[in-house]
>>> print(open('data_38.cif').read())   # mmCIF, C-alpha atoms and all ligand atoms
data_model
#
loop_
_atom_site.label_atom_id
_atom_site.label_comp_id
_atom_site.auth_asym_id
_atom_site.auth_seq_id
_atom_site.Cartn_x
_atom_site.Cartn_y
_atom_site.Cartn_z
CA MET A 1 -4.94 19.60 1.83
CA LEU A 2 -4.98 17.32 -1.20
CA LYS A 3 -5.06 19.18 -4.50
CA ALA A 4 -7.01 16.62 -6.54
CA LYS A 5 -10.52 15.26 -5.93
CA ASP A 6 -9.24 11.67 -5.94
CA LEU A 7 -6.26 9.83 -4.47
CA LEU A 8 -5.18 7.69 -7.40
CA GLY A 9 -1.44 7.22 -6.99
CA LEU A 10 1.79 8.53 -5.52
CA ARG A 11 3.08 9.35 -9.00
CA THR A 12 0.83 12.43 -8.97
CA LEU A 13 1.14 13.38 -5.28
CA SER A 14 3.61 16.04 -4.08
CA THR A 15 5.91 15.59 -1.09
CA ASP A 16 3.93 18.37 0.64
CA GLU A 17 0.75 16.32 0.25
CA MET A 18 2.43 13.09 1.39
CA ASP A 19 3.97 14.93 4.37
CA GLU A 20 0.53 16.24 5.37
CA ILE A 21 -1.05 12.76 5.18
CA MET A 22 1.75 11.26 7.30
CA ARG A 23 1.54 14.19 9.76
CA VAL A 24 -2.23 13.69 10.23
CA ALA A 25 -1.67 9.92 10.65
CA ILE A 26 0.32 10.50 13.88
CA PRO A 27 -2.66 11.62 16.06
CA MET A 28 -4.76 8.98 14.26
CA LYS A 29 -2.38 6.30 15.51
CA ASP A 30 -2.86 7.66 19.04
CA ILE A 31 -6.61 7.05 18.66
CA ILE A 32 -5.96 3.43 17.63
CA MET A 33 -3.89 2.95 20.80
CA ARG A 34 -6.63 4.31 23.09
CA ASP A 35 -8.94 2.13 25.13
CA ILE A 36 -11.96 3.79 23.48
CA LYS A 37 -11.11 3.90 19.78
CA LYS A 38 -13.81 6.26 18.61
CA VAL A 39 -14.03 9.98 17.82
CA PRO A 40 -17.05 11.81 16.36
CA THR A 41 -15.01 13.62 13.68
CA LEU A 42 -16.75 12.19 10.59
CA ARG A 43 -20.20 11.59 12.08
CA GLY A 44 -22.83 11.78 9.33
CA LYS A 45 -20.35 11.13 6.50
CA SER A 46 -20.90 8.14 4.21
CA MET A 47 -18.42 6.06 2.23
CA ALA A 48 -18.38 2.70 0.47
CA THR A 49 -15.81 0.08 -0.41
CA LEU A 50 -15.95 -1.46 -3.90
CA PHE A 51 -13.54 -4.39 -4.05
CA PHE A 52 -13.44 -6.27 -7.33
CA GLU A 53 -10.37 -8.21 -6.11
CA ASN A 54 -9.79 -9.98 -2.81
CA SER A 55 -8.36 -8.18 0.21
CA THR A 56 -7.95 -8.63 3.94
CA ARG A 57 -5.76 -5.73 5.12
CA THR A 58 -6.81 -2.88 2.86
CA LYS A 59 -10.56 -3.47 2.91
CA SER A 60 -10.85 -4.16 6.62
CA SER A 61 -8.50 -1.31 7.57
CA PHE A 62 -10.59 1.22 5.62
CA GLU A 63 -13.72 -0.12 7.31
CA ILE A 64 -12.06 0.04 10.74
CA ALA A 65 -10.70 3.54 10.00
CA ALA A 66 -14.21 4.72 9.10
CA LYS A 67 -15.64 3.23 12.31
CA TYR A 68 -12.98 4.86 14.52
CA LEU A 69 -13.85 8.24 12.94
CA SER A 70 -17.64 7.59 13.18
CA ALA A 71 -18.21 7.63 9.40
CA ASP A 72 -20.72 5.18 7.94
CA CYS A 73 -19.12 2.58 5.69
CA THR A 74 -21.01 0.32 3.26
CA ASN A 75 -19.09 -2.65 1.89
CA LEU A 76 -20.51 -3.61 -1.48
CA ALA A 77 -20.20 -7.37 -1.86
CA VAL A 78 -19.38 -7.37 -5.57
CA SER A 79 -19.90 -11.14 -5.94
CA THR A 80 -23.54 -10.87 -4.78
CA SER A 81 -24.28 -7.43 -6.25
CA SER A 82 -26.01 -6.50 -9.50
CA VAL A 83 -22.54 -6.33 -11.10
CA GLN A 84 -23.16 -10.06 -11.59
CA LYS A 85 -26.28 -9.17 -13.65
CA GLY A 86 -24.18 -7.02 -15.93
CA GLU A 87 -24.50 -3.62 -14.22
CA THR A 88 -21.56 -1.42 -15.17
CA LEU A 89 -18.99 0.01 -12.79
CA ILE A 90 -20.28 3.55 -13.39
CA ASP A 91 -23.95 2.60 -12.90
CA THR A 92 -23.03 0.73 -9.71
CA ALA A 93 -21.18 3.75 -8.32
CA ILE A 94 -23.86 6.26 -9.35
CA THR A 95 -26.53 4.07 -7.71
CA LEU A 96 -24.63 4.27 -4.42
CA GLU A 97 -23.80 7.95 -4.95
CA VAL A 98 -27.47 8.93 -5.23
CA MET A 99 -28.04 7.10 -1.93
CA GLY A 100 -25.60 9.59 -0.36
CA ILE A 101 -22.15 7.96 -0.67
CA GLU A 102 -19.48 10.69 -0.76
CA LEU A 103 -16.33 8.62 -1.12
CA PHE A 104 -15.49 5.28 -2.74
CA VAL A 105 -12.52 3.10 -1.87
CA MET A 106 -12.00 0.90 -4.90
CA ARG A 107 -9.79 -2.06 -5.79
CA HIS A 108 -9.96 -3.37 -9.34
CA GLY A 109 -7.93 -5.75 -11.49
CA ALA A 110 -7.75 -3.24 -14.34
CA SER A 111 -5.10 -0.52 -14.18
CA GLY A 112 -6.83 2.86 -14.45
CA ALA A 113 -10.27 1.70 -13.25
CA PRO A 114 -10.31 4.15 -10.27
CA HIS A 115 -9.24 6.99 -12.61
CA PHE A 116 -12.17 6.15 -14.89
CA LEU A 117 -14.56 6.05 -11.94
CA GLY A 118 -13.23 9.38 -10.65
CA ARG A 119 -13.91 11.06 -13.99
CA ASN A 120 -17.49 9.82 -13.97
CA THR A 121 -18.64 10.46 -10.39
CA LYS A 122 -18.86 13.47 -8.11
CA ALA A 123 -17.84 11.29 -5.16
CA ARG A 124 -14.18 11.19 -4.16
CA ILE A 125 -12.20 8.06 -5.00
CA ILE A 126 -9.34 6.35 -3.17
CA ASN A 127 -7.45 3.80 -5.22
CA ALA A 128 -7.05 0.66 -3.09
CA GLY A 129 -5.01 -1.08 -5.81
CA ASP A 130 -5.53 -1.04 -9.58
CA GLY A 131 -4.08 -3.91 -11.57
CA MET A 132 -0.31 -3.64 -11.75
CA ASN A 133 -0.37 0.17 -11.59
CA GLU A 134 -0.47 1.59 -8.03
CA HIS A 135 -1.50 0.90 -4.44
CA PRO A 136 -1.01 4.39 -3.00
CA THR A 137 -2.26 3.79 0.54
CA GLN A 138 0.18 0.87 0.87
CA GLY A 139 2.98 3.13 -0.38
CA LEU A 140 2.02 5.78 2.17
CA LEU A 141 1.83 3.34 5.09
CA ASP A 142 5.17 1.85 4.05
CA MET A 143 6.82 5.31 3.98
CA PHE A 144 5.13 6.27 7.27
CA THR A 145 6.61 3.11 8.84
CA MET A 146 10.09 3.74 7.38
CA LYS A 147 10.03 7.37 8.56
CA ASP A 148 8.90 6.35 12.04
CA LYS A 149 11.60 3.69 12.37
CA LYS A 150 14.50 5.15 10.39
CA GLY A 151 13.93 8.92 10.10
CA ASP A 152 14.35 11.14 7.04
CA LEU A 153 13.31 9.18 3.93
CA GLY A 154 15.88 11.04 1.82
CA ASN A 155 18.73 9.44 3.78
CA LEU A 156 17.57 5.85 3.33
CA THR A 157 18.66 3.02 1.09
CA VAL A 158 15.57 0.91 0.43
CA THR A 159 15.81 -2.46 -1.32
CA ILE A 160 12.61 -3.71 -2.95
CA LEU A 161 12.98 -7.44 -3.47
CA GLY A 162 11.00 -9.80 -5.64
CA ASP A 163 8.17 -9.79 -8.14
CA VAL A 164 8.40 -6.14 -9.21
CA ALA A 165 6.73 -6.70 -12.59
CA HIS A 166 3.33 -7.55 -11.11
CA SER A 167 3.58 -5.30 -8.06
CA ARG A 168 1.52 -2.14 -7.65
CA VAL A 169 3.04 -1.92 -4.14
CA ALA A 170 6.52 -1.65 -5.70
CA ARG A 171 5.40 1.07 -8.10
CA SER A 172 3.81 3.19 -5.36
CA ASN A 173 6.89 2.75 -3.14
CA ILE A 174 9.15 3.77 -6.01
CA TRP A 175 7.12 6.85 -7.01
CA GLY A 176 6.89 7.99 -3.38
CA LEU A 177 10.41 7.24 -2.14
CA THR A 178 12.22 8.67 -5.17
CA LYS A 179 10.37 11.99 -4.67
CA TYR A 180 12.00 12.21 -1.23
CA GLY A 181 15.41 11.41 -2.70
CA ALA A 182 15.72 7.93 -1.16
CA ASN A 183 18.20 5.56 -2.76
CA VAL A 184 15.86 2.87 -4.10
CA ARG A 185 17.24 -0.46 -5.26
CA VAL A 186 15.06 -3.05 -6.96
CA VAL A 187 16.08 -6.66 -7.35
CA GLY A 188 14.46 -9.84 -8.59
CA PRO A 189 14.54 -12.37 -11.40
CA GLU A 190 15.11 -10.66 -14.76
CA THR A 191 11.75 -11.96 -15.98
CA LEU A 192 10.05 -10.07 -13.12
CA LEU A 193 11.85 -6.72 -13.59
CA PRO A 194 9.90 -4.50 -15.98
CA ILE A 195 11.77 -2.44 -18.57
CA GLU A 196 10.21 0.85 -17.36
CA LEU A 197 12.26 0.65 -14.13
CA GLN A 198 15.16 2.27 -15.99
CA LYS A 199 13.10 5.49 -16.21
CA MET A 200 11.86 5.49 -12.61
CA GLY A 201 15.03 6.70 -10.89
CA VAL A 202 15.95 3.41 -9.21
CA GLU A 203 19.03 1.18 -9.21
CA VAL A 204 18.22 -2.16 -10.84
CA TYR A 205 20.03 -5.28 -9.58
CA THR A 206 19.88 -8.93 -10.50
CA ASP A 207 22.34 -9.94 -7.75
CA VAL A 208 20.32 -10.17 -4.55
CA ASP A 209 23.36 -10.06 -2.23
CA LYS A 210 24.65 -6.83 -3.79
CA ALA A 211 21.19 -5.28 -3.60
CA LEU A 212 20.80 -6.11 0.11
CA LYS A 213 24.28 -5.03 1.20
CA GLY A 214 24.09 -2.03 3.53
CA ALA A 215 20.33 -1.45 3.06
CA ASP A 216 18.36 0.43 5.76
CA VAL A 217 15.13 -1.20 4.66
CA VAL A 218 14.29 -4.38 2.77
CA ASN A 219 10.74 -4.43 1.46
CA VAL A 220 9.93 -7.98 0.33
CA LEU A 221 7.21 -8.28 -2.29
CA ARG A 222 4.63 -11.02 -2.39
CA LEU A 223 5.17 -13.42 -5.27
CA GLN A 224 1.90 -12.90 -7.13
CA LYS A 225 1.20 -16.46 -8.10
CA GLU A 226 -2.28 -15.50 -9.35
CA ARG A 227 -0.81 -13.08 -11.89
CA GLN A 228 1.94 -15.33 -13.20
CA SER A 229 1.72 -16.36 -16.80
CA SER A 230 3.63 -19.49 -17.67
CA GLY A 231 7.36 -19.38 -18.12
CA LEU A 232 8.30 -16.46 -15.87
CA LEU A 233 9.51 -18.65 -12.99
CA PRO A 234 11.14 -22.06 -12.85
CA SER A 235 9.48 -23.20 -9.57
CA LEU A 236 8.60 -21.83 -6.13
CA VAL A 237 11.41 -23.88 -4.55
CA GLU A 238 13.94 -22.32 -6.90
CA TYR A 239 12.44 -18.87 -6.35
CA ASN A 240 13.00 -19.31 -2.62
CA LYS A 241 16.53 -20.56 -3.18
CA PHE A 242 17.62 -17.65 -5.40
CA TRP A 243 15.38 -14.76 -4.25
CA GLY A 244 13.81 -15.61 -0.90
CA LEU A 245 14.77 -13.49 2.14
CA THR A 246 16.54 -15.96 4.43
CA SER A 247 18.35 -15.38 7.74
CA LYS A 248 21.64 -15.71 5.87
CA ARG A 249 20.75 -12.98 3.38
CA LEU A 250 19.41 -10.80 6.20
CA GLU A 251 22.98 -10.53 7.55
CA LEU A 252 23.76 -8.30 4.55
CA ILE A 253 21.46 -5.40 5.48
CA LYS A 254 22.52 -2.82 8.08
CA GLU A 255 22.55 -4.13 11.65
CA ASP A 256 19.67 -1.78 12.51
CA GLY A 257 17.91 -2.23 9.17
CA ILE A 258 14.22 -3.14 9.08
CA ILE A 259 12.26 -5.88 7.29
CA MET A 260 8.96 -5.07 5.60
CA HIS A 261 6.34 -7.02 3.66
CA PRO A 262 2.96 -5.66 2.46
CA GLY A 263 1.21 -9.00 3.00
CA PRO A 264 -0.25 -11.44 2.44
CA MET A 265 2.97 -13.45 2.85
CA ASN A 266 3.91 -16.67 1.10
CA ARG A 267 5.99 -18.01 3.98
CA GLY A 268 8.81 -20.18 2.76
CA VAL A 269 8.66 -18.63 -0.73
CA GLU A 270 9.65 -14.93 -0.78
CA ILE A 271 10.25 -14.72 3.00
CA MET A 272 11.27 -17.34 5.53
CA PRO A 273 9.16 -17.62 8.72
CA GLU A 274 12.16 -16.82 10.93
CA VAL A 275 12.75 -13.57 9.02
CA TYR A 276 9.18 -12.44 9.69
CA GLU A 277 9.76 -13.29 13.37
CA ASP A 278 13.11 -11.43 13.54
CA PRO A 279 13.03 -8.46 16.00
CA ARG A 280 13.79 -6.15 13.06
CA SER A 281 10.58 -7.16 11.27
CA VAL A 282 7.95 -4.37 11.25
CA VAL A 283 5.37 -6.31 9.24
CA ASP A 284 2.70 -6.23 11.96
CA GLU A 285 3.33 -2.53 12.63
CA GLN A 286 2.79 -1.84 8.92
CA VAL A 287 -0.73 -3.22 9.32
CA THR A 288 -1.47 -0.96 12.33
CA ASN A 289 0.01 2.01 10.48
CA GLY A 290 -2.27 1.17 7.57
CA VAL A 291 -5.29 1.99 9.73
CA ALA A 292 -3.70 5.32 10.81
CA ILE A 293 -2.88 6.35 7.21
CA ARG A 294 -6.38 5.43 6.04
CA MET A 295 -7.93 7.37 8.95
CA ALA A 296 -5.83 10.37 7.91
CA LEU A 297 -7.02 10.13 4.32
CA LEU A 298 -10.68 9.74 5.26
CA PHE A 299 -10.34 12.72 7.58
CA MET A 300 -8.72 14.84 4.85
CA MET A 301 -11.10 13.74 2.08
CA LEU A 302 -14.42 13.62 3.93
CA GLY A 303 -14.44 17.10 5.35
CA GLY A 304 -11.89 17.39 8.15
CA LYS A 305 -10.38 20.86 7.95
CA THR A 306 -7.85 21.19 10.77
CA SER A 307 -5.95 18.82 13.02
CA ASP A 308 -7.89 20.29 16.01
CA GLU A 309 -11.00 18.53 14.70
CA ILE A 310 -9.43 15.09 15.13
CA ASN A 311 -10.17 14.78 18.82
N1 LIG B 401 -1.19 -5.34 1.26
C1 LIG B 401 -2.44 -5.58 0.80
O1 LIG B 401 -2.93 -4.87 -0.10
O2 LIG B 401 -3.10 -6.60 1.39
P1 LIG B 401 -4.59 -7.06 1.07
O3 LIG B 401 -4.58 -7.65 -0.32
O4 LIG B 401 -4.94 -8.07 2.13
O5 LIG B 401 -5.46 -5.84 1.11
#
>>> encode(input="data_38.cif", output="structure tokens")
Amino acid sequence: MLKAKDLLGLRTLSTDEMDEIMRVAIPMKDIIMRDIKKVPTLRGKSMATLFFENSTRTKSSFEIAAKYLSADCTNLAVSTSSVQKGETLIDTAITLEVMGIELFVMRHGASGAPHFLGRNTKARIINAGDGMNEHPTQGLLDMFTMKDKKGDLGNLTVTILGDVAHSRVARSNIWGLTKYGANVRVVGPETLLPIELQKMGVEVYTDVDKALKGADVVNVLRLQKERQSSGLLPSLVEYNKFWGLTSKRLELIKEDGIIMHPGPMNRGVEIMPEVYEDPRSVVDEQVTNGVAIRMALLFMMLGGKTSDEIN
């Protein structure tokens, strides 16, 4: 069971809670693989997605997860909603809550927005990405994938490569993996490595070759071009030259190491197309696992009590 009403980040989640989510995700993945991908577990339950920033994977996987579990999911189209007439976040959520919504999945450009919503609604909140703070369901699906492919998280060396400064994915990976005792290395241009990394229990590198050497996992971050303020990067071509994951650099990780990327990818910038196509790439499996993790969370937060209720 989750201790808090809301799932806001991995910084505040215990390893027991993360273990339970990943344990419940295993039978959920079985449902995804079935011919008939539907169980009645959450019939009669209502949730809504509130996305104030764009998304393909996270938004659609929550919607698909709800459908597979028979919950009703409303997707509020923020750009055509009364938010555009000036309605506040709280008033928007309360309006949906009094219609019967029990859980909100929210993405917002402001760090802390889901925390604020959680304090002001009775409904449960899942943070689907808040500014540069956290993206906990991505962190969970990444760890679920690493555990599935490589075993005990505490024995792994995980290299997080790229635009760490703007990355909520990096922060959730770091908070989660360090709790399990994984050896987490972060590497990228100095201008994209935030100062707070020193206090997060990771090894900070500026030499990409050293950071990749002997890694079990390389998790390549998307270069967040939309969040770049001027002066942080020379050019995308140079970024690729100095920091992009190429076939040559891939030779440095362990022979059985895996390649991850949260998506969406800038092919030819932070990752070369042939690296994504390498047999060690688990990028597509991360997306499938994202549905399983989100099914597990909906099950745990919308009333599922025991694993027996899944089927
Ligand atoms: N990884 C991720 O959050 O992707 P989307 O922006 O498509 O949801």
>>> atom_distance(input="data_38.cif", atom1="CA of Met28 (chain A)", atom2="CA of Thr288 (chain A)")
10.6 Å
>>> atom_distance(input="data_38.cif", atom1="CA of Leu193 (chain A)", atom2="CA of Val158 (chain A)")
16.4 Å
>>> atom_distance(input="data_38.cif", atom1="CA of Leu76 (chain A)", atom2="atom P1 of ligand LIG 401 (chain B)")
16.5 Å
>>> residues_near_ligand(input="data_38.cif", ligand="ligand LIG 401 (chain B)", cutoff="8 Å", atoms="only C-alpha atoms and all ligand atoms", output="ChimeraX atom specification")
/A:54-60,128-129,135,138,169,262-264
>>> closest_residue(input="data_38.cif", among="A:Ile293, A:Leu7, A:Ile160, A:Ala71", to="Ile125 (chain A)", atoms="all atoms listed in the file")
A:Leu7
>>> residues_near_point(input="data_38.cif", point="(-19.6, 5.1, -0.3)", cutoff="6 Å", atoms="all atoms listed in the file", output="list in words")
Ser46, Met47, Ala48, Ile101, Glu102, Leu103 and Phe104 of chain A
>>> residues_around(input="data_38.cif", residues="Ile21 (chain A)", least_positions_apart="6", cutoff="8 Å", atoms="only C-alpha atoms", output="mmCIF file with C-alpha atoms, in the frame of the given file")
data_model
loop_
_atom_site.group_PDB
_atom_site.id
_atom_site.type_symbol
_atom_site.label_atom_id
_atom_site.label_comp_id
_atom_site.auth_asym_id
_atom_site.auth_seq_id
_atom_site.Cartn_x
_atom_site.Cartn_y
_atom_site.Cartn_z
ATOM 1 C CA ILE A 293 -2.880 6.350 7.210
ATOM 2 C CA ALA A 296 -5.830 10.370 7.910
ATOM 3 C CA LEU A 297 -7.020 10.130 4.320
ATOM 4 C CA MET A 300 -8.720 14.840 4.850
#
>>> residues_around(input="data_38.cif", residues="Arg168 (chain A)", least_positions_apart="2", cutoff="10 Å", atoms="all atoms listed in the file", output="VMD selection string")
chain A and resid 9 111 129 to 136 138 to 139 164 to 166 170 to 174 221
>>> closest_residue(input="data_38.cif", among="A:Met295, A:Leu177, A:Ala113, A:Ala123", to="Ser14 (chain A)", atoms="all atoms listed in the file")
A:Leu177
>>> closest_residue(input="data_38.cif", among="A:Ile195, A:Thr15, A:Lys5, A:Arg249", to="Pro114 (chain A)", atoms="only C-alpha atoms")
A:Lys5
>>> closest_residue(input="data_38.cif", among="A:Met33, A:Ala211, A:Leu117, A:Leu50", to="Tyr68 (chain A)", atoms="all atoms listed in the file")
A:Met33
>>> closest_residue(input="data_38.cif", among="A:Gly118, A:Pro40, A:Gly244, A:Gly231", to="Gly162 (chain A)", atoms="all atoms listed in the file")
A:Gly244
>>> residues_around(input="data_38.cif", residues="Met146 (chain A)", least_positions_apart="6", cutoff="9 Å", atoms="only C-alpha atoms", output="PyMOL selection string")
chain A and resi 152-153+156+217+258
>>> closest_residue(input="data_38.cif", among="A:Glu226, A:Asp72, A:Glu63, A:Asp278", to="Ser247 (chain A)", atoms="all atoms listed in the file")
A:Asp278
>>> residues_around(input="data_38.cif", residues="Thr95 (chain A)", least_positions_apart="3", cutoff="12 Å", atoms="all atoms listed in the file", output="short mmCIF file (atom, residue, chain, number, x, y, z; two decimals) with C-alpha atoms, in the frame of the given file")
data_model
loop_
_atom_site.label_atom_id
_atom_site.label_comp_id
_atom_site.auth_asym_id
_atom_site.auth_seq_id
_atom_site.Cartn_x
_atom_site.Cartn_y
_atom_site.Cartn_z
CA ALA A 48 -18.38 2.70 0.47
CA LEU A 76 -20.51 -3.61 -1.48
CA SER A 81 -24.28 -7.43 -6.25
CA SER A 82 -26.01 -6.50 -9.50
CA VAL A 83 -22.54 -6.33 -11.10
CA GLU A 87 -24.50 -3.62 -14.22
CA THR A 88 -21.56 -1.42 -15.17
CA LEU A 89 -18.99 0.01 -12.79
CA ILE A 90 -20.28 3.55 -13.39
CA ASP A 91 -23.95 2.60 -12.90
CA THR A 92 -23.03 0.73 -9.71
CA VAL A 98 -27.47 8.93 -5.23
CA MET A 99 -28.04 7.10 -1.93
CA GLY A 100 -25.60 9.59 -0.36
CA ILE A 101 -22.15 7.96 -0.67
CA GLU A 102 -19.48 10.69 -0.76
CA THR A 121 -18.64 10.46 -10.39
CA ALA A 123 -17.84 11.29 -5.16
#
>>> decode(input="data_38.cif", residues="region 21-30 of chain A", atoms="all heavy atoms", output="short mmCIF file (atom, residue, chain, number, x, y, z; two decimals), in the first residue's frame")
data_model
loop_
_atom_site.label_atom_id
_atom_site.label_comp_id
_atom_site.auth_asym_id
_atom_site.auth_seq_id
_atom_site.Cartn_x
_atom_site.Cartn_y
_atom_site.Cartn_z
N ILE A 21 4.85 -1.53 -5.96
CA ILE A 21 4.36 -1.06 -7.28
C ILE A 21 4.93 -1.96 -8.38
O ILE A 21 4.20 -2.42 -9.27
CB ILE A 21 4.75 0.42 -7.52
CG1 ILE A 21 4.08 1.34 -6.49
CG2 ILE A 21 4.37 0.86 -8.94
CD1 ILE A 21 4.73 2.72 -6.37
N MET A 22 6.23 -2.23 -8.30
CA MET A 22 6.86 -3.05 -9.36
C MET A 22 6.37 -4.50 -9.29
O MET A 22 6.25 -5.16 -10.31
CB MET A 22 8.39 -2.97 -9.25
CG MET A 22 8.91 -1.58 -9.62
SD MET A 22 10.70 -1.50 -9.83
CE MET A 22 11.23 -1.11 -8.17
N ARG A 23 6.04 -4.98 -8.09
CA ARG A 23 5.51 -6.36 -7.95
C ARG A 23 4.12 -6.45 -8.59
O ARG A 23 3.83 -7.39 -9.34
CB ARG A 23 5.45 -6.73 -6.46
CG ARG A 23 5.23 -8.20 -6.19
CD ARG A 23 5.12 -8.49 -4.71
NE ARG A 23 3.99 -7.85 -4.06
CZ ARG A 23 2.73 -8.23 -4.22
NH1 ARG A 23 2.43 -9.24 -5.01
NH2 ARG A 23 1.76 -7.58 -3.62
N VAL A 24 3.28 -5.44 -8.34
CA VAL A 24 1.93 -5.44 -8.91
C VAL A 24 1.98 -5.27 -10.44
O VAL A 24 1.11 -5.76 -11.16
CB VAL A 24 1.05 -4.35 -8.23
CG1 VAL A 24 -0.31 -4.25 -8.89
CG2 VAL A 24 0.88 -4.64 -6.74
N ALA A 25 3.03 -4.59 -10.92
CA ALA A 25 3.14 -4.35 -12.38
C ALA A 25 3.37 -5.66 -13.16
O ALA A 25 3.07 -5.71 -14.36
CB ALA A 25 4.25 -3.35 -12.67
N ILE A 26 3.89 -6.69 -12.48
CA ILE A 26 4.19 -7.95 -13.22
C ILE A 26 2.91 -8.60 -13.76
O ILE A 26 2.81 -8.85 -14.98
CB ILE A 26 5.03 -8.91 -12.34
CG1 ILE A 26 6.41 -8.28 -12.07
CG2 ILE A 26 5.19 -10.28 -13.02
CD1 ILE A 26 7.22 -8.98 -10.99
N PRO A 27 1.88 -8.86 -12.91
CA PRO A 27 0.64 -9.42 -13.49
C PRO A 27 -0.05 -8.44 -14.43
O PRO A 27 -0.79 -8.86 -15.34
CB PRO A 27 -0.22 -9.75 -12.26
CG PRO A 27 0.37 -9.00 -11.12
CD PRO A 27 1.83 -8.83 -11.43
N MET A 28 0.17 -7.13 -14.23
CA MET A 28 -0.42 -6.15 -15.14
C MET A 28 0.17 -6.31 -16.55
O MET A 28 -0.52 -6.20 -17.56
CB MET A 28 -0.19 -4.72 -14.63
CG MET A 28 -0.87 -4.42 -13.31
SD MET A 28 -2.66 -4.64 -13.42
CE MET A 28 -3.14 -4.25 -11.74
N LYS A 29 1.47 -6.57 -16.59
CA LYS A 29 2.12 -6.76 -17.89
C LYS A 29 1.54 -8.00 -18.58
O LYS A 29 1.39 -8.02 -19.82
CB LYS A 29 3.64 -6.86 -17.72
CG LYS A 29 4.36 -6.69 -19.04
CD LYS A 29 5.84 -6.48 -18.87
CE LYS A 29 6.54 -6.46 -20.21
NZ LYS A 29 7.99 -6.31 -20.11
N ASP A 30 1.22 -9.02 -17.79
CA ASP A 30 0.59 -10.22 -18.38
C ASP A 30 -0.73 -9.86 -19.07
O ASP A 30 -1.05 -10.39 -20.13
CB ASP A 30 0.32 -11.28 -17.29
CG ASP A 30 1.61 -11.87 -16.75
OD1 ASP A 30 2.64 -11.74 -17.42
OD2 ASP A 30 1.57 -12.45 -15.64
#
